[in-house]
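Printed here is work.pdb (PDB, C-alpha atoms):
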```pdb
ATOM      1  CA  MET B   1      -9.684 -28.448 -79.447  1.00  0.00           C
ATOM      2  CA  ALA B   2      -6.841 -30.171 -81.269  1.00  0.00           C
ATOM      3  CA  THR B   3      -4.505 -28.111 -83.401  1.00  0.00           C
ATOM      4  CA  GLN B   4      -5.230 -28.407 -87.113  1.00  0.00           C
ATOM      5  CA  TYR B   5      -2.021 -28.653 -89.081  1.00  0.00           C
ATOM      6  CA  THR B   6      -1.769 -27.823 -92.767  1.00  0.00           C
ATOM      7  CA  ASP B   7      -0.632 -30.350 -95.352  1.00  0.00           C
ATOM      8  CA  LEU B   8       2.715 -28.581 -95.610  1.00  0.00           C
ATOM      9  CA  GLU B   9       3.239 -28.634 -91.847  1.00  0.00           C
ATOM     10  CA  LEU B  10       2.392 -32.332 -91.793  1.00  0.00           C
ATOM     11  CA  ALA B  11       4.791 -32.970 -94.689  1.00  0.00           C
ATOM     12  CA  LEU B  12       7.634 -31.246 -92.830  1.00  0.00           C
ATOM     13  CA  ASN B  13       6.864 -33.240 -89.703  1.00  0.00           C
ATOM     14  CA  THR B  14       6.866 -36.436 -91.755  1.00  0.00           C
ATOM     15  CA  LEU B  15      10.330 -35.674 -93.172  1.00  0.00           C
ATOM     16  CA  VAL B  16      11.802 -35.072 -89.719  1.00  0.00           C
ATOM     17  CA  THR B  17      10.004 -38.036 -88.154  1.00  0.00           C
ATOM     18  CA  ASN B  18      11.070 -40.421 -90.929  1.00  0.00           C
ATOM     19  CA  PHE B  19      14.682 -39.308 -90.600  1.00  0.00           C
ATOM     20  CA  HIS B  20      14.725 -39.937 -86.847  1.00  0.00           C
ATOM     21  CA  SER B  21      12.796 -43.195 -87.206  1.00  0.00           C
ATOM     22  CA  ALA B  22      15.414 -44.552 -89.611  1.00  0.00           C
ATOM     23  CA  SER B  23      17.806 -44.832 -86.671  1.00  0.00           C
ATOM     24  CA  PRO B  24      16.975 -47.457 -84.056  1.00  0.00           C
ATOM     25  CA  THR B  25      18.354 -45.069 -81.424  1.00  0.00           C
ATOM     26  CA  ASN B  26      16.765 -41.890 -82.865  1.00  0.00           C
ATOM     27  CA  ALA B  27      20.278 -40.520 -83.336  1.00  0.00           C
ATOM     28  CA  ASP B  28      21.003 -37.133 -84.904  1.00  0.00           C
ATOM     29  CA  THR B  29      22.861 -38.834 -87.749  1.00  0.00           C
ATOM     30  CA  LEU B  30      22.234 -42.018 -89.705  1.00  0.00           C
ATOM     31  CA  THR B  31      24.756 -44.631 -90.703  1.00  0.00           C
ATOM     32  CA  ALA B  32      25.129 -45.174 -94.434  1.00  0.00           C
ATOM     33  CA  GLN B  33      23.134 -48.412 -94.098  1.00  0.00           C
ATOM     34  CA  GLU B  34      20.307 -46.700 -92.168  1.00  0.00           C
ATOM     35  CA  PHE B  35      20.217 -43.913 -94.763  1.00  0.00           C
ATOM     36  CA  GLN B  36      20.165 -46.445 -97.601  1.00  0.00           C
ATOM     37  CA  SER B  37      17.333 -48.356 -95.967  1.00  0.00           C
ATOM     38  CA  MET B  38      15.286 -45.190 -95.443  1.00  0.00           C
ATOM     39  CA  ILE B  39      15.840 -43.949 -99.008  1.00  0.00           C
ATOM     40  CA  SER B  40      15.050 -47.360-100.513  1.00  0.00           C
ATOM     41  CA  LYS B  41      11.858 -47.622 -98.462  1.00  0.00           C
ATOM     42  CA  GLU B  42      10.622 -44.013 -98.617  1.00  0.00           C
ATOM     43  CA  LEU B  43      11.896 -42.780-102.013  1.00  0.00           C
ATOM     44  CA  PRO B  44      12.130 -45.905-104.194  1.00  0.00           C
ATOM     45  CA  THR B  45      10.950 -44.298-107.435  1.00  0.00           C
ATOM     46  CA  MET B  46      12.780 -40.989-107.009  1.00  0.00           C
ATOM     47  CA  VAL B  47      16.213 -42.242-105.917  1.00  0.00           C
ATOM     48  CA  LYS B  48      16.695 -45.508-107.744  1.00  0.00           C
ATOM     49  CA  THR B  49      20.485 -45.616-107.532  1.00  0.00           C
ATOM     50  CA  ALA B  50      20.668 -45.879-103.726  1.00  0.00           C
ATOM     51  CA  GLY B  51      19.696 -49.554-103.803  1.00  0.00           C
ATOM     52  CA  ASP B  52      23.209 -50.859-104.422  1.00  0.00           C
ATOM     53  CA  GLN B  53      26.493 -50.005-102.712  1.00  0.00           C
ATOM     54  CA  GLU B  54      27.977 -48.219-105.720  1.00  0.00           C
ATOM     55  CA  GLY B  55      24.881 -46.058-106.133  1.00  0.00           C
ATOM     56  CA  LEU B  56      24.782 -45.295-102.408  1.00  0.00           C
ATOM     57  CA  ASN B  57      28.456 -44.296-102.410  1.00  0.00           C
ATOM     58  CA  LYS B  58      27.851 -41.991-105.382  1.00  0.00           C
ATOM     59  CA  LEU B  59      24.844 -40.394-103.673  1.00  0.00           C
ATOM     60  CA  LEU B  60      26.776 -39.866-100.424  1.00  0.00           C
ATOM     61  CA  THR B  61      29.638 -38.299-102.381  1.00  0.00           C
ATOM     62  CA  GLU B  62      27.223 -35.962-104.175  1.00  0.00           C
ATOM     63  CA  LEU B  63      25.816 -34.974-100.767  1.00  0.00           C
ATOM     64  CA  ASN B  64      29.376 -34.296 -99.535  1.00  0.00           C
ATOM     65  CA  VAL B  65      29.130 -36.935 -96.805  1.00  0.00           C
ATOM     66  CA  GLU B  66      32.641 -38.068 -95.954  1.00  0.00           C
ATOM     67  CA  GLU B  67      33.300 -41.800 -95.936  1.00  0.00           C
ATOM     68  CA  GLY B  68      32.701 -43.258 -92.498  1.00  0.00           C
ATOM     69  CA  LYS B  69      30.771 -40.206 -91.298  1.00  0.00           C
ATOM     70  CA  GLY B  70      27.110 -40.224 -90.404  1.00  0.00           C
ATOM     71  CA  VAL B  71      24.444 -38.727 -92.632  1.00  0.00           C
ATOM     72  CA  ALA B  72      23.113 -35.603 -90.896  1.00  0.00           C
ATOM     73  CA  PHE B  73      19.646 -34.179 -91.381  1.00  0.00           C
ATOM     74  CA  LYS B  74      21.163 -31.293 -93.382  1.00  0.00           C
ATOM     75  CA  ASP B  75      22.523 -33.882 -95.849  1.00  0.00           C
ATOM     76  CA  PHE B  76      19.102 -35.497 -96.129  1.00  0.00           C
ATOM     77  CA  TRP B  77      17.556 -32.044 -96.558  1.00  0.00           C
ATOM     78  CA  GLN B  78      19.954 -31.348 -99.431  1.00  0.00           C
ATOM     79  CA  LEU B  79      18.588 -34.468-101.148  1.00  0.00           C
ATOM     80  CA  VAL B  80      14.987 -33.400-100.431  1.00  0.00           C
ATOM     81  CA  ASP B  81      15.732 -29.945-101.856  1.00  0.00           C
ATOM     82  CA  SER B  82      17.152 -31.452-105.023  1.00  0.00           C
ATOM     83  CA  LEU B  83      14.199 -33.829-105.433  1.00  0.00           C
ATOM     84  CA  ALA B  84      11.667 -31.060-104.793  1.00  0.00           C
ATOM     85  CA  THR B  85      13.385 -28.789-107.317  1.00  0.00           C
ATOM     86  CA  ALA B  86      13.285 -31.546-109.920  1.00  0.00           C
ATOM     87  CA  GLN B  87       9.637 -32.279-109.147  1.00  0.00           C
ATOM     88  CA  PHE B  88       8.823 -28.581-109.470  1.00  0.00           C
ATOM     89  CA  GLY B  89      10.463 -28.578-112.889  1.00  0.00           C
ATOM     90  CA  LEU B  90       8.504 -31.636-113.967  1.00  0.00           C
ATOM     91  CA  LEU B  91       5.196 -30.243-112.774  1.00  0.00           C
ATOM     92  CA  SER B  92       5.753 -26.811-114.287  1.00  0.00           C
ATOM     93  CA  LYS B  93       7.031 -28.353-117.528  1.00  0.00           C
ATOM     94  CA  GLU B  94      10.358 -26.539-117.172  1.00  0.00           C
ATOM     95  CA  LYS B  95      12.483 -29.407-118.394  1.00  0.00           C
ATOM     96  CA  GLN B  96      15.682 -27.398-117.918  1.00  0.00           C
ATOM     97  CA  VAL B  97      15.353 -27.781-114.121  1.00  0.00           C
ATOM     98  CA  LYS B  98      17.285 -30.952-113.368  1.00  0.00           C
ATOM     99  CA  CYS B  99      18.141 -32.805-110.197  1.00  0.00           C
ATOM    100  CA  VAL B 100      21.910 -32.476-109.884  1.00  0.00           C
ATOM    101  CA  LYS B 101      22.261 -34.393-106.632  1.00  0.00           C
ATOM    102  CA  CYS B 102      20.422 -37.587-107.492  1.00  0.00           C
ATOM    103  CA  SER B 103      19.243 -39.918-110.195  1.00  0.00           C
ATOM    104  CA  LEU B 104      15.564 -39.499-110.873  1.00  0.00           C
ATOM    105  CA  MET B 105      13.049 -41.448-112.870  1.00  0.00           C
TER     106      MET B 105
END
```
Please lay out the structure from this file as structure tokens.
Amino acid sequence: MATQYTDLELALNTLVTNFHSASPTNADTLTAQEFQSMISKELPTMVKTAGDQEGLNKLLTELNVEEGKGVAFKDFWQLVDSLATAQFGLLSKEKQVKCVKCSLM
């Protein structure tokens, strides 16, 4: 009998899988261009500023990714945390909860 995973378990697996899939070599870190491509493809309505170089540079700075360094999963997770916190605020109508690490809708 196949294991039945919950929606949350599947969501976590999707985050990890998408991060690794963004690198053609399944590396532990992404280049800035790989990260930008993944964010533009997977989060186009939640992170609108990553589409251009200036917006990407600002996002990487906010995530404390040093210029020329790869984007680690922990950096991506910091973005996910910020987006999830903002989404929680939107859904619970607590408008004072704001995404401080990204530009949302």
| said: Can you spell out as a PyMOL selection string the set of residues that the PyMOL selection byres ((chain B and resi 56) around 12) selects in the structure I just provided? | reply: chain B and resi 31-40+47-55+57-63+65+67+71+101-103
| message | Show me, as a PyMOL selection string, the residues that have an atom within 12 Å of stretch 7-19 of chain B when counting all atoms listed in the file, minus same-chain residues fewer than 3 positions from it. | response | chain B and resi 3-4+22-31+34-39+41-43+71-77+79-81
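As for atom CA of B:Met46 and atom CA of B:Ala84, they are spaced 10.2 Å apart.
Rounded to one decimal, atom CA of B:Asn64 and atom CA of B:Leu90 lie 25.5 Å from each other.
The space between atom CA of B:His20 and atom CA of B:Met1 spans 28.0 Å.
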